[in-house]
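**Q** Quick one: structure below, then a few questions.
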Amino acid sequence: MTPLNFVTGSCRALGMTLVALATGIGCAKPLATVEGNITFDGTPVETGSITLESIDRSGPSAGCTIENGKYKVAGKLGVAPGKKTVRIIGIRKTGKRMEAGPPMPPGTMVDEVEHFIPEIYNSKSTLSLDVVAGQVNQHDFDLESPTQ
Amino acid sequence: MGYCKQQKTFSLVRLPAVSGRGRWHAAAFTLVELLVVIAIIGVLVSLLLPAVQAAREAARRSTCTNNLRQIGIGLHLRYDAKQTFPAGFCTYYGTGKGPPGQRCPTDTSWVGLILPYIEQLGLHDAIDWSKWHFSFGGKSVWNLHIPLFQCPSNERQDISGTQLAQGTYVANNGVGPMSECHVGAADNGRPWKREGGREAAGAFFINSWLKMSQIPDGTSQTVLLSEIRIVNQADVELSADHYQYDGRGVMHYPEGPLYQHNHTPNSSIPDQLRTQWCMSTARSPCIGTYPDWSTRDYIVTARSDHPGGVNLLLADSSVRFVGDSIDLNVWQALSTPEARPGEPIATDY
């Protein structure tokens, strides 16, 4: 074996070992990516959060922050496939200023904020989603105020 | 001969050697050989370095676990002396009175109540227990770090200005949001609770003073404390007045030393915090969902810098490591001292 052949041979062996190691590390339970847009009464949800829990509350909960009407739950913190209950909250400024109170010093003023998405979309959620393994689950939520 | 020539051209180390015919010539490594050796050393070092890092994290984690255990012993020492666990936080507006034999001025948290039992009697005695504990401006006991509350896996926070001292270890408030505060003297100091607020009570909440008899789930199936990932204030831009910072882990105020079991450990779902106390980072995400203490739409998830899970201190004072992949219903069952209808029995987790 010439030295050059030896080097390329060992490099190939090393490469294959590394590939084997990498796949070995990455062979945990496959998690799916879920992404999309969220609007409320036609307007994108600027700030909020989305939570996906299994219908039977087995497995861990997944979710992320909603920014400028978009969300993406991906990567190591993705979603396990299956049927999910979806909870969405949205926060907005009311435009009013108010005193923060303790433990901030007296006179500290802050913007008042409020939840604006009704509880049928969060604490008493009626939203659900079927997450499919091995693909990017594109899903938009167009939420509307409940009709009286 | 040609081979010999090549060797000479690439030789870096010249050593006298004897060839087969007894003639002197330079024996040396070829460049290729050298590169192979370097590559092998490189591979070995790259295998070693993560192992060294892992060993360091293992050491930090062991200190972190030990701290949690020590706080657990403190909680139990206090239990022996007072016959209750401390309240998550108190409201006895103006009077500073608690249950018989226990002083607890409004807004005092469980951390303040266990100080004498974790070798911090000096800090305890520096507090005026006869009045509402908060004083504005300047440094006070509320700005002092307690080393026992610092998990070394977590970066230590330097306190600037009027920032309140933070700790890694937080008490189980249940399934949130917290939704509790005091309402003031006009209501006889009765605690206020938001309608439809908290889903289930944990072991520490307003005026909770939990007794062992109130843990029918069993002390080995109920969580007292867990950990959070404190935001390194150097990573976020602080406002000039220093009142806007990340408040997670603040030890001596109700919004800080408590966490909730709404989401499984190390979740990427953002915590819900007071707008002034939320500085979101990729590893500790948050959104500001309420402006002041009167709403307390507060949800903080257990997180840690240990790979794969968080430490829990159970009510029997044992410490367990729980993985991120724990079932949500088991995780929530661990937070409630008393089982809710349909709750699984958390024996296997």
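Every chain in the structure tokens takes a letter, A first, then B, and so on in the order presented; its residues are numbered from 1, and the ligands are numbered from 1 following the presented order.
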Just need the residues of chain B within 6 Å of chain A, counting only C-alpha atoms, so spit them out as an NGL selection string.

**A** :B and (263-264 or 268-270 or 290-292 or 325-329)

**Q** Range 330-339 of chain B: which residues within 7 Å, counting only C-alpha atoms, same-chain residues fewer than 2 positions away excluded, as number ranges by chain?

**A** B: 172, 174-175, 200-203, 214-217, 221-223, 261, 264, 326-328, 341, 343-344, 346

**Q** Please, which residues of range 62-125 of chain A, numbered as in this document, come out strand (DSSP E or B) from DSSP, as a ChimeraX atom specification?

**A** /A:62-67,70-73,79,82-99,109-115

**Q** Mind pulling up the distance from CA of Arg274 in chain B to CA of Phe204 in chain B?

**A**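 Straight-line distance from CA of Phe204 in chain B to CA of Arg274 in chain B works out to 19.7 Å.
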
**Q** Point out the residue among B:Ala171, B:Cys64, B:Ala87, B:Ala126 with the least atom-to-atom distance to Leu148 in chain B, counting only C-alpha atoms.

**A**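 Residue with the minimum atom-to-atom distance to Leu148 in chain B: B:Cys64.
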
**Q** Grab the CA of Glu227 in chain B to CA of Gly112 in chain B distance for me, in Å with one decimal place.

**A**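 Rounded to one decimal, the two atoms are 17.7 Å apart.
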
**Q** Report the distance between CA of Thr108 in chain B and CA of Tyr253 in chain B in Å, rounded to one decimal place.

**A**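 Result for CA of Thr108 in chain B versus CA of Tyr253 in chain B: 6.3 Å, one decimal.
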
**Q** Under the rule that only C-alpha atoms are counted, which of B:Asp316, B:Asp324, B:Asp348, B:Asp128 is the nearest residue to Leu75 in chain B?

**A**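 Comparing B:Asp316, B:Asp324, B:Asp348, B:Asp128 against Leu75 in chain B, the winner is B:Asp316.
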